[in-house]
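Here's query_0.txt, which has compact mmCIF, C-alpha atoms and all ligand atoms:
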# COMPACT_ATOMS: atom_id res chain seq x y z
CA MET D 1 0.25 -165.35 -171.69
CA LYS D 2 0.77 -163.48 -168.44
CA ASP D 3 3.85 -164.31 -166.37
CA LEU D 4 3.31 -167.57 -164.53
CA LYS D 5 4.03 -165.67 -161.32
CA GLN D 6 0.98 -163.46 -161.96
CA LEU D 7 -1.23 -166.50 -162.48
CA VAL D 8 -0.15 -168.66 -159.55
CA ARG D 9 -1.56 -167.85 -156.09
CA PRO D 10 1.15 -165.92 -154.17
CA ASN D 11 1.14 -168.41 -151.27
CA ILE D 12 1.71 -171.28 -153.71
CA TRP D 13 4.39 -169.40 -155.65
CA SER D 14 6.40 -168.91 -152.44
CA LEU D 15 5.57 -172.32 -150.97
CA ALA D 16 8.46 -174.39 -149.66
CA PRO D 17 7.23 -177.93 -150.39
CA TYR D 18 7.28 -180.72 -147.81
CA SER D 19 10.48 -182.64 -148.26
CA SER D 20 9.99 -186.37 -147.76
CA ALA D 21 12.72 -188.87 -146.98
CA ARG D 22 12.45 -190.21 -150.53
CA ASP D 23 12.83 -186.72 -152.00
CA GLU D 24 16.05 -186.02 -150.14
CA TYR D 25 17.56 -189.33 -151.10
CA SER D 26 16.56 -191.06 -154.31
CA GLY D 27 19.78 -192.59 -155.62
CA LYS D 28 20.12 -196.31 -156.30
CA GLU D 29 23.53 -197.15 -154.71
CA ALA D 30 22.47 -197.26 -151.05
CA HIS D 31 21.28 -200.52 -149.53
CA VAL D 32 20.46 -199.63 -145.92
CA PHE D 33 17.42 -197.39 -145.61
CA LEU D 34 16.94 -196.09 -142.07
CA ASP D 35 15.60 -192.69 -143.11
CA ALA D 36 11.82 -192.99 -143.46
CA ASN D 37 10.63 -194.81 -140.31
CA GLU D 38 9.36 -197.68 -142.43
CA ASN D 39 9.03 -201.24 -141.18
CA PRO D 40 11.95 -203.21 -142.71
CA TYR D 41 9.73 -206.32 -143.09
CA ASN D 42 6.81 -207.09 -145.42
CA ALA D 43 8.59 -206.17 -148.68
CA PRO D 44 7.76 -204.82 -151.20
CA TYR D 45 4.90 -202.87 -149.64
CA ASN D 46 6.82 -201.66 -146.59
CA ARG D 47 8.62 -198.87 -148.47
CA TYR D 48 7.20 -195.52 -149.53
CA PRO D 49 6.74 -195.31 -153.30
CA ASP D 50 8.69 -192.94 -155.56
CA PRO D 51 6.99 -189.55 -154.99
CA LEU D 52 7.82 -188.49 -158.58
CA GLN D 53 6.96 -191.84 -160.25
CA ARG D 54 10.13 -191.72 -162.36
CA GLU D 55 9.94 -195.22 -163.87
CA LEU D 56 6.30 -194.73 -164.85
CA LYS D 57 7.00 -191.34 -166.40
CA SER D 58 9.79 -192.77 -168.51
CA GLU D 59 7.34 -195.38 -169.88
CA LEU D 60 4.78 -192.63 -170.51
CA LYS D 61 7.42 -190.63 -172.35
CA ARG D 62 7.87 -193.59 -174.69
CA VAL D 63 4.13 -194.08 -175.24
CA LYS D 64 2.99 -190.43 -175.32
CA GLY D 65 6.11 -188.73 -176.66
CA VAL D 66 6.12 -186.20 -173.82
CA PRO D 67 9.33 -185.64 -171.78
CA GLU D 68 9.19 -186.66 -168.10
CA GLU D 69 9.57 -183.07 -166.90
CA ASN D 70 6.33 -182.19 -168.71
CA ILE D 71 4.27 -184.95 -167.03
CA PHE D 72 2.37 -184.68 -163.75
CA LEU D 73 0.72 -187.84 -162.40
CA GLY D 74 -2.20 -187.78 -159.99
CA ASN D 75 -4.79 -189.88 -158.21
CA GLY D 76 -7.05 -189.80 -161.28
CA SER D 77 -7.48 -186.72 -163.47
CA ASP D 78 -9.69 -185.54 -160.65
CA GLU D 79 -6.58 -184.70 -158.62
CA ALA D 80 -5.17 -182.65 -161.51
CA ILE D 81 -8.52 -180.84 -161.79
CA ASP D 82 -8.59 -179.94 -158.10
CA LEU D 83 -4.93 -178.86 -158.19
CA ALA D 84 -5.71 -176.34 -160.93
CA TYR D 85 -7.90 -174.47 -158.44
CA ARG D 86 -5.48 -174.82 -155.54
CA VAL D 87 -2.56 -173.61 -157.66
CA PHE D 88 -4.10 -170.79 -159.72
CA CYS D 89 -7.30 -169.55 -158.08
CA ARG D 90 -7.53 -167.35 -155.00
CA PRO D 91 -10.73 -168.38 -153.18
CA GLY D 92 -13.40 -165.66 -153.24
CA ILE D 93 -11.43 -163.56 -155.75
CA ASP D 94 -10.57 -165.41 -158.94
CA ASN D 95 -12.87 -167.18 -161.39
CA VAL D 96 -12.76 -169.82 -164.11
CA VAL D 97 -14.71 -170.10 -167.37
CA ALA D 98 -16.03 -173.35 -168.83
CA ILE D 99 -18.34 -174.55 -171.58
CA ALA D 100 -21.73 -175.97 -170.53
CA PRO D 101 -22.74 -178.72 -170.44
CA THR D 102 -19.45 -180.41 -169.59
CA TYR D 103 -17.79 -182.72 -167.05
CA GLY D 104 -19.21 -182.07 -163.59
CA MET D 105 -15.97 -182.18 -161.61
CA TYR D 106 -14.82 -178.75 -162.84
CA ALA D 107 -17.81 -177.12 -161.12
CA VAL D 108 -17.66 -179.31 -157.99
CA CYS D 109 -13.98 -178.50 -157.45
CA ALA D 110 -14.71 -174.80 -158.04
CA ASP D 111 -17.35 -174.93 -155.28
CA ILE D 112 -15.05 -176.82 -152.92
CA ASN D 113 -12.34 -174.22 -153.46
CA ASP D 114 -14.76 -171.27 -153.27
CA VAL D 115 -13.96 -170.14 -156.82
CA GLU D 116 -16.57 -168.55 -159.10
CA TYR D 117 -17.48 -170.89 -161.98
CA ARG D 118 -18.68 -169.11 -165.13
CA THR D 119 -20.29 -171.03 -167.95
CA VAL D 120 -20.83 -170.40 -171.65
CA LEU D 121 -23.63 -172.46 -173.17
CA LEU D 122 -22.68 -174.60 -176.19
CA ASP D 123 -24.54 -174.01 -179.47
CA GLU D 124 -27.10 -176.35 -181.07
CA ASN D 125 -24.27 -178.54 -182.42
CA PHE D 126 -22.77 -178.75 -178.91
CA ASP D 127 -19.83 -176.67 -180.19
CA PHE D 128 -18.50 -173.23 -179.21
CA LYS D 129 -16.83 -170.08 -180.47
CA ALA D 130 -13.58 -168.81 -178.96
CA ASP D 131 -15.01 -165.28 -178.97
CA ASP D 132 -17.85 -166.31 -176.65
CA LEU D 133 -15.56 -168.03 -174.14
CA LEU D 134 -13.14 -165.09 -174.17
CA ALA D 135 -16.00 -162.61 -173.69
CA ALA D 136 -16.83 -164.33 -170.39
CA CYS D 137 -13.25 -163.84 -169.12
CA ASP D 138 -11.95 -160.88 -167.13
CA GLN D 139 -8.75 -159.99 -165.26
CA GLN D 140 -9.68 -162.43 -162.47
CA THR D 141 -10.16 -165.38 -164.85
CA LYS D 142 -7.26 -167.73 -164.22
CA VAL D 143 -8.39 -170.91 -165.98
CA VAL D 144 -10.51 -171.82 -169.00
CA TRP D 145 -11.83 -175.41 -169.09
CA ILE D 146 -12.33 -177.17 -172.43
CA CYS D 147 -13.28 -180.84 -172.61
CA SER D 148 -12.85 -182.47 -176.03
CA PRO D 149 -14.33 -184.94 -176.81
CA ASN D 150 -16.83 -183.43 -174.41
CA ASN D 151 -18.73 -185.25 -171.69
CA PRO D 152 -21.76 -185.70 -171.67
CA THR D 153 -22.29 -184.65 -175.30
CA GLY D 154 -19.63 -186.97 -176.80
CA ASN D 155 -18.50 -184.71 -179.67
CA SER D 156 -15.06 -183.26 -180.28
CA LEU D 157 -15.03 -179.47 -180.20
CA ASN D 158 -13.77 -177.39 -183.11
CA ARG D 159 -9.98 -177.61 -183.01
CA ASN D 160 -9.37 -174.16 -184.49
CA GLU D 161 -11.62 -172.57 -181.88
CA ILE D 162 -9.75 -174.41 -179.11
CA LEU D 163 -6.43 -173.22 -180.56
CA SER D 164 -7.77 -169.71 -180.81
CA VAL D 165 -8.63 -169.72 -177.08
CA ILE D 166 -5.17 -171.08 -176.21
CA GLU D 167 -3.49 -168.40 -178.32
CA ARG D 168 -5.61 -165.44 -177.21
CA PHE D 169 -6.31 -166.14 -173.52
CA GLU D 170 -3.75 -164.66 -171.11
CA GLY D 171 -4.28 -167.31 -168.42
CA ILE D 172 -4.25 -171.10 -168.27
CA VAL D 173 -6.24 -173.23 -170.73
CA ILE D 174 -6.94 -176.80 -169.65
CA VAL D 175 -7.98 -179.22 -172.40
CA ASP D 176 -9.40 -182.44 -170.96
CA GLU D 177 -8.72 -185.30 -173.39
CA ALA D 178 -10.12 -188.17 -171.29
CA TYR D 179 -11.73 -189.67 -174.44
CA ILE D 180 -9.06 -188.76 -177.03
CA ASP D 181 -8.17 -192.42 -177.75
CA PHE D 182 -11.67 -192.92 -179.20
CA ALA D 183 -11.62 -189.74 -181.31
CA ASP D 184 -10.83 -189.03 -184.95
CA GLN D 185 -9.16 -185.82 -183.76
CA MET D 186 -5.52 -185.83 -182.75
CA SER D 187 -4.40 -185.02 -179.23
CA MET D 188 -3.24 -181.44 -178.60
CA ARG D 189 -0.03 -182.81 -177.08
CA GLN D 190 2.14 -181.47 -179.89
CA GLU D 191 0.92 -177.94 -179.11
CA LEU D 192 2.58 -178.02 -175.68
CA PRO D 193 6.08 -176.75 -176.59
CA SER D 194 4.67 -173.66 -178.31
CA HIS D 195 1.92 -172.93 -175.75
CA PRO D 196 3.18 -172.55 -172.15
CA ASN D 197 -0.35 -171.76 -170.90
CA LEU D 198 -1.73 -175.13 -172.04
CA ILE D 199 -2.43 -178.05 -169.70
CA ILE D 200 -3.70 -181.30 -171.25
CA LEU D 201 -5.44 -183.90 -169.10
CA GLN D 202 -5.56 -187.58 -169.97
CA THR D 203 -6.44 -190.62 -167.89
CA MET D 204 -5.95 -194.38 -167.59
CA SER D 205 -9.65 -194.68 -166.66
CA LYS D 206 -11.27 -194.94 -170.09
CA ALA D 207 -9.54 -196.44 -173.16
CA TRP D 208 -6.77 -197.87 -170.98
CA GLY D 209 -9.28 -199.91 -169.02
CA SER D 210 -7.82 -199.00 -165.62
CA ALA D 211 -10.38 -196.85 -163.80
CA ALA D 212 -9.79 -198.82 -160.59
CA ILE D 213 -6.12 -197.92 -160.22
CA ARG D 214 -6.77 -194.13 -160.26
CA LEU D 215 -4.12 -192.67 -162.52
CA GLY D 216 -4.51 -189.36 -164.29
CA MET D 217 -1.97 -187.41 -166.32
CA ALA D 218 -1.45 -183.71 -166.85
CA PHE D 219 0.91 -182.63 -169.63
CA ALA D 220 2.19 -179.07 -169.27
CA SER D 221 5.25 -176.83 -169.23
CA LYS D 222 7.96 -177.96 -166.83
CA GLU D 223 7.34 -174.85 -164.73
CA ILE D 224 3.66 -175.74 -164.22
CA VAL D 225 4.50 -179.41 -163.56
CA ALA D 226 7.04 -178.34 -160.91
CA ILE D 227 4.38 -176.24 -159.14
CA TYR D 228 1.83 -179.08 -159.28
CA ASN D 229 4.46 -181.40 -157.78
CA LYS D 230 5.06 -179.17 -154.81
CA VAL D 231 1.33 -178.83 -154.01
CA LYS D 232 0.32 -182.50 -154.37
CA TYR D 233 0.44 -184.99 -151.49
CA PRO D 234 3.99 -186.40 -151.39
CA TYR D 235 2.93 -190.00 -152.17
CA ASN D 236 -0.21 -189.29 -154.20
CA VAL D 237 0.25 -192.27 -156.56
CA ASN D 238 0.66 -195.49 -154.60
CA LEU D 239 3.00 -198.36 -155.48
CA LEU D 240 0.28 -200.77 -156.62
CA THR D 241 -0.99 -198.16 -159.05
CA GLN D 242 2.49 -197.41 -160.38
CA GLN D 243 3.20 -201.13 -160.89
CA GLN D 244 -0.12 -201.87 -162.57
CA ALA D 245 0.19 -198.83 -164.85
CA LEU D 246 3.65 -200.02 -165.94
CA GLU D 247 2.15 -203.41 -166.71
CA VAL D 248 -0.60 -201.90 -168.89
CA LEU D 249 1.75 -199.50 -170.67
CA LYS D 250 4.02 -202.37 -171.70
CA ASP D 251 1.55 -203.29 -174.40
CA PRO D 252 -0.22 -200.26 -175.88
CA TYR D 253 -1.33 -202.43 -178.85
CA GLU D 254 -3.64 -204.31 -176.50
CA ILE D 255 -5.42 -201.00 -175.87
CA ASP D 256 -5.70 -200.34 -179.62
CA LYS D 257 -7.53 -203.65 -179.89
CA TYR D 258 -10.06 -202.64 -177.21
CA VAL D 259 -10.56 -199.29 -178.89
CA LYS D 260 -11.19 -200.88 -182.31
CA ILE D 261 -13.73 -203.31 -180.84
CA LEU D 262 -15.51 -200.54 -178.91
CA LEU D 263 -15.65 -198.26 -181.95
CA ALA D 264 -17.18 -201.05 -184.06
CA GLU D 265 -19.70 -201.74 -181.28
CA ARG D 266 -20.44 -198.04 -181.06
CA THR D 267 -21.40 -197.93 -184.74
CA ARG D 268 -23.54 -201.05 -184.42
CA LEU D 269 -25.26 -199.99 -181.18
CA ILE D 270 -26.06 -196.49 -182.44
CA GLN D 271 -27.53 -197.84 -185.68
CA ALA D 272 -29.78 -200.24 -183.79
CA PHE D 273 -30.66 -197.59 -181.18
CA GLN D 274 -31.81 -195.16 -183.87
CA ASP D 275 -34.36 -197.73 -185.06
CA LEU D 276 -35.99 -197.99 -181.61
CA PRO D 277 -39.42 -196.36 -181.21
CA VAL D 278 -38.18 -194.66 -177.99
CA CYS D 279 -35.28 -192.95 -179.80
CA VAL D 280 -35.76 -189.33 -180.86
CA ARG D 281 -32.16 -188.75 -181.96
CA VAL D 282 -28.58 -189.82 -181.29
CA TYR D 283 -25.96 -187.08 -181.15
CA LYS D 284 -22.64 -187.29 -182.96
CA THR D 285 -19.97 -188.87 -180.77
CA ASP D 286 -16.19 -189.19 -180.72
CA ALA D 287 -16.08 -191.06 -177.41
CA ASN D 288 -16.89 -194.51 -175.94
CA PHE D 289 -20.44 -193.36 -175.16
CA PHE D 290 -23.24 -191.56 -176.92
CA LEU D 291 -25.90 -189.11 -175.89
CA ALA D 292 -29.41 -189.92 -177.08
CA LYS D 293 -32.63 -187.96 -176.87
CA VAL D 294 -35.48 -190.32 -176.07
CA THR D 295 -39.24 -190.01 -175.74
CA ASP D 296 -39.18 -189.90 -171.92
CA ALA D 297 -35.74 -190.17 -170.29
CA ASN D 298 -36.94 -190.55 -166.69
CA SER D 299 -39.35 -193.39 -167.33
CA ILE D 300 -36.97 -195.20 -169.67
CA TYR D 301 -34.17 -194.80 -167.13
CA ASN D 302 -36.34 -196.32 -164.38
CA TYR D 303 -37.55 -199.07 -166.69
CA LEU D 304 -33.92 -200.05 -167.39
CA VAL D 305 -32.94 -199.89 -163.71
CA ASP D 306 -35.76 -202.35 -162.95
CA ARG D 307 -34.09 -204.73 -165.41
CA GLY D 308 -30.65 -204.27 -163.85
CA ILE D 309 -29.36 -202.06 -166.67
CA ILE D 310 -27.86 -198.74 -165.62
CA VAL D 311 -27.34 -195.86 -168.04
CA ARG D 312 -26.76 -192.22 -167.14
CA ASN D 313 -29.83 -190.01 -166.99
CA ARG D 314 -28.69 -186.55 -168.11
CA SER D 315 -32.17 -185.06 -168.55
CA LYS D 316 -31.63 -182.40 -165.86
CA VAL D 317 -28.46 -181.10 -167.56
CA GLN D 318 -28.67 -177.90 -169.64
CA LEU D 319 -29.40 -178.63 -173.35
CA CYS D 320 -29.85 -182.34 -172.51
CA GLN D 321 -33.60 -182.55 -171.80
CA ASP D 322 -34.77 -186.16 -172.14
CA CYS D 323 -31.24 -187.34 -172.83
CA LEU D 324 -29.59 -190.55 -171.70
CA ARG D 325 -25.84 -191.05 -171.86
CA ILE D 326 -25.01 -194.60 -172.80
CA THR D 327 -21.56 -196.17 -172.45
CA ILE D 328 -20.52 -198.74 -175.06
CA GLY D 329 -20.28 -202.10 -173.28
CA THR D 330 -19.51 -205.59 -174.49
CA ARG D 331 -21.55 -206.96 -177.39
CA THR D 332 -23.61 -209.01 -174.92
CA GLU D 333 -24.30 -206.02 -172.68
CA ASN D 334 -25.26 -203.83 -175.63
CA ASN D 335 -27.62 -206.53 -176.92
CA GLU D 336 -29.24 -206.77 -173.51
CA LEU D 337 -29.86 -203.01 -173.56
CA LEU D 338 -31.34 -203.17 -177.06
CA SER D 339 -33.64 -206.09 -176.33
CA ALA D 340 -34.92 -204.42 -173.13
CA LEU D 341 -35.67 -201.23 -175.07
CA ARG D 342 -37.41 -203.16 -177.88
CA GLN D 343 -39.88 -204.52 -175.34
CA ILE D 344 -41.15 -201.08 -174.28
C1 LIG D 401 -14.05 -189.94 -166.89
C2 LIG D 401 -13.49 -188.57 -167.06
C3 LIG D 401 -12.28 -188.23 -166.47
C4 LIG D 401 -11.49 -189.25 -165.73
O1 LIG D 401 -11.28 -188.97 -164.44
P1 LIG D 401 -10.33 -189.92 -163.58
O2 LIG D 401 -10.30 -189.20 -162.28
O3 LIG D 401 -8.99 -189.93 -164.27
O4 LIG D 401 -10.95 -191.26 -163.52
C5 LIG D 401 -11.76 -186.97 -166.69
N1 LIG D 401 -12.41 -186.07 -167.46
C6 LIG D 401 -13.57 -186.38 -168.05
C7 LIG D 401 -14.22 -185.40 -168.93
C8 LIG D 401 -14.15 -187.63 -167.85
O5 LIG D 401 -15.32 -187.92 -168.44
Kindly transcribe the structure held in the file into structure tokens.
Ligand SMILES: *Cc1c(COP(=O)(O)O)cnc(C)c1O
Amino acid sequence: MKDLKQLVRPNIWSLAPYSSARDEYSGKEAHVFLDANENPYNAPYNRYPDPLQRELKSELKRVKGVPEENIFLGNGSDEAIDLAYRVFCRPGIDNVVAIAPTYGMYAVCADINDVEYRTVLLDENFDFKADDLLAACDQQTKVVWICSPNNPTGNSLNRNEILSVIERFEGIVIVDEAYIDFADQMSMRQELPSHPNLIILQTMSKAWGSAAIRLGMAFASKEIVAIYNKVKYPYNVNLLTQQQALEVLKDPYEIDKYVKILLAERTRLIQAFQDLPVCVRVYKTDANFFLAKVTDANSIYNYLVDRGIIVRNRSKVQLCQDCLRITIGTRTENNELLSALRQI
């Protein structure tokens, strides 16, 4: 890996972060707070939240086994994705490399930040070779994006190839594990101590059933986390989100139950889907959705919309002609989908 200083934009490296009232004083002993121009009434929402979400990070440490100093929390993973560009990529100069197809936000944030977005098409198994990704990189490549299990394809990517990219690439490798709780594969979290160029993204939005609260996690070296923390908005994770996340994290076994139910439903739904006349094939999945090639994605999509059933039409995405991406719902919802499709 190059020196972090060579990878971070010079203006960000030398940035003096905004210092909020709650940064300058965060001890517990005081009882009169006249430092932040807050209204003293309407507790508990009158006070600014902890800008570094310390209580929440200590819970996450317990659940994820990652020390607090290696955790960044954002307004969804989307914030951590955008920050990667703002921290590492000089607009109009640097570039990033990603697999294709993959999660759309990496490209959208590249466009917003005026950063060149290079893609390497996946193979016929929706997998990749480290050599191909590395061949697309040059001296201006600051970040490589890898999403595993991948969206919209659903499969986990080859772990040895991912590791090979992390070990051979001189810049930052971001592995997005939004769907890892549904996968047979293990998280890459234990690779963090030995790979200072690795950033792992996870989210409360999928298995944790908390998309509404907007909480995303980035696990990385403490140096990278410190830089992310100085670039983010001071109070990027609001109090309601921090409280609700603590509530959910109290009982990780509850989440395991959801995951087990959804995985059983996934098996059942895919089996039934494969027997439908409209189904051409279902791709291998390690997530809480599956990608299916159908006879005519556009007309089937519209047919379902007319019946109040919304799936994701991915037929315009590279390698996904005539493909629908279908999220695993409740048993009732899945049955409604199946019975609608049986009537075509
Ligand atoms: C859904 C999803 C996310 C989650 O984003 P949030 O902003 O945390 O809701 C991240 N990455 C991928 C690949 C996703 O599919």
**OP:** Select, from D:Lys293, D:Arg214, D:Lys64, D:Arg9, the residue with the minimum atom-to-atom distance to D:Ser315, counting all atoms listed in the file.
**Re:**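 Ranking D:Lys293, D:Arg214, D:Lys64, D:Arg9 by distance to D:Ser315, first place goes to D:Lys293.
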**OP:** Would you please work out which residue, of D:Asn158, D:Gln139, D:Asn229, D:Gln53, is nearest to D:Tyr18 when using all atoms listed in the file?
**Re:** D:Asn229
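Every residue having at least one atom no farther than 8 Å from ligand LIG 401 (chain D) is included below, with all atoms listed in the file taken into account: Asn75, Gly76, Ser77, Asp78, Glu79, Thr102, Tyr103, Met105, Cys147, Ser148, Pro149, Asn150, Asn151, Pro152, Asp176, Glu177, Ala178, Tyr179, Leu201, Gln202, Thr203, Met204, Ser205, Lys206, Ala211, Arg214, Leu215, Gly216 and Met217 of chain D.
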Original post:
Got a sec to check which residues sit within 12 Å of (-33.5, -182.2, -168.6), counting all atoms listed in the file, and write them as a list in words?
Top reply: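 Protein and nucleic acid residues near the point are Pro101, Lys293, Val294, Asp296, Ala297, Asn298, Asn313, Arg314, Ser315, Lys316, Val317, Gln318, Leu319, Cys320, Gln321, Asp322, Cys323 and Leu324 of chain D.
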Original post:
Quick one: of D:Leu134, D:Leu56, D:Ile71, D:Ala264, who's nearest to D:Gln243, counting only C-alpha atoms?
Top reply: D:Leu56
What lies within 6 Å of D:Ala98 using all atoms listed in the file, ignoring chain neighbours under 4 positions off, as an mmCIF file with C-alpha atoms, in the frame of the given file?
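Final output, selection-v2.cif:
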data_model
loop_
_atom_site.group_PDB
_atom_site.id
_atom_site.type_symbol
_atom_site.label_atom_id
_atom_site.label_comp_id
_atom_site.auth_asym_id
_atom_site.auth_seq_id
_atom_site.Cartn_x
_atom_site.Cartn_y
_atom_site.Cartn_z
ATOM 1 C CA THR D 119 -20.290 -171.030 -167.950
ATOM 2 C CA VAL D 144 -10.510 -171.820 -169.000
ATOM 3 C CA TRP D 145 -11.830 -175.410 -169.090
#
**OP:** For D:Leu83, list every protein, DNA or RNA residue within 12 Å, evaluated using all atoms listed in the file, and leave out those in the same chain fewer than 4 positions away; present the list as a ChimeraX atom specification.
**Re:** /D:8-9,12,72-79,87-89,106,109-110,112-113,143,174,199,218,224-225,227-233
Subject >> Separation of atom CA of D:Leu341 from atom CA of D:Glu265, in Å and rounded to one decimal >> reply: 17.1 Å
Subject >> Distance in Å - atom CA of D:Leu262 versus atom CA of D:Asp184 >> reply: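 According to the coordinates, atom CA of D:Leu262 and atom CA of D:Asp184 are separated by 13.8 Å.
Among the candidates D:Leu7, D:Ala220, D:Leu276, D:Leu163, the residue lying nearest to D:Arg189 is D:Ala220 (atoms considered: all atoms listed in the file).
The smallest atom-to-atom distance between D:Ile81 and any of D:Gly104, D:Gly329, D:Pro49, D:Gly308, using all atoms listed in the file, is found for D:Gly104.
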Original post:
What separation in Å, quoted to one decimal, exists between atom CA of D:Leu304 and atom CA of D:Arg342?
Top reply: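 Atom-to-atom, atom CA of D:Leu304 and atom CA of D:Arg342 are spaced 11.5 Å apart.
Compared by their closest atoms to D:Gln185, and using all atoms listed in the file, the residues D:Thr141, D:Thr295, D:Gln244, D:Asn155 rank with D:Asn155 nearest.
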**OP:** Would you list the contacts of D:Ile213 as a count of residues only, taking every protein, DNA or RNA residue within 8 Å and counting all atoms listed in the file, but skipping same-chain residues closer than 3 positions in sequence?
**Re:** 5
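Residues within 7 Å of D:Asn288, counting all atoms listed in the file and excluding same-chain residues fewer than 5 positions away, are Phe182, Leu262, Thr327 and Ile328 of chain D.
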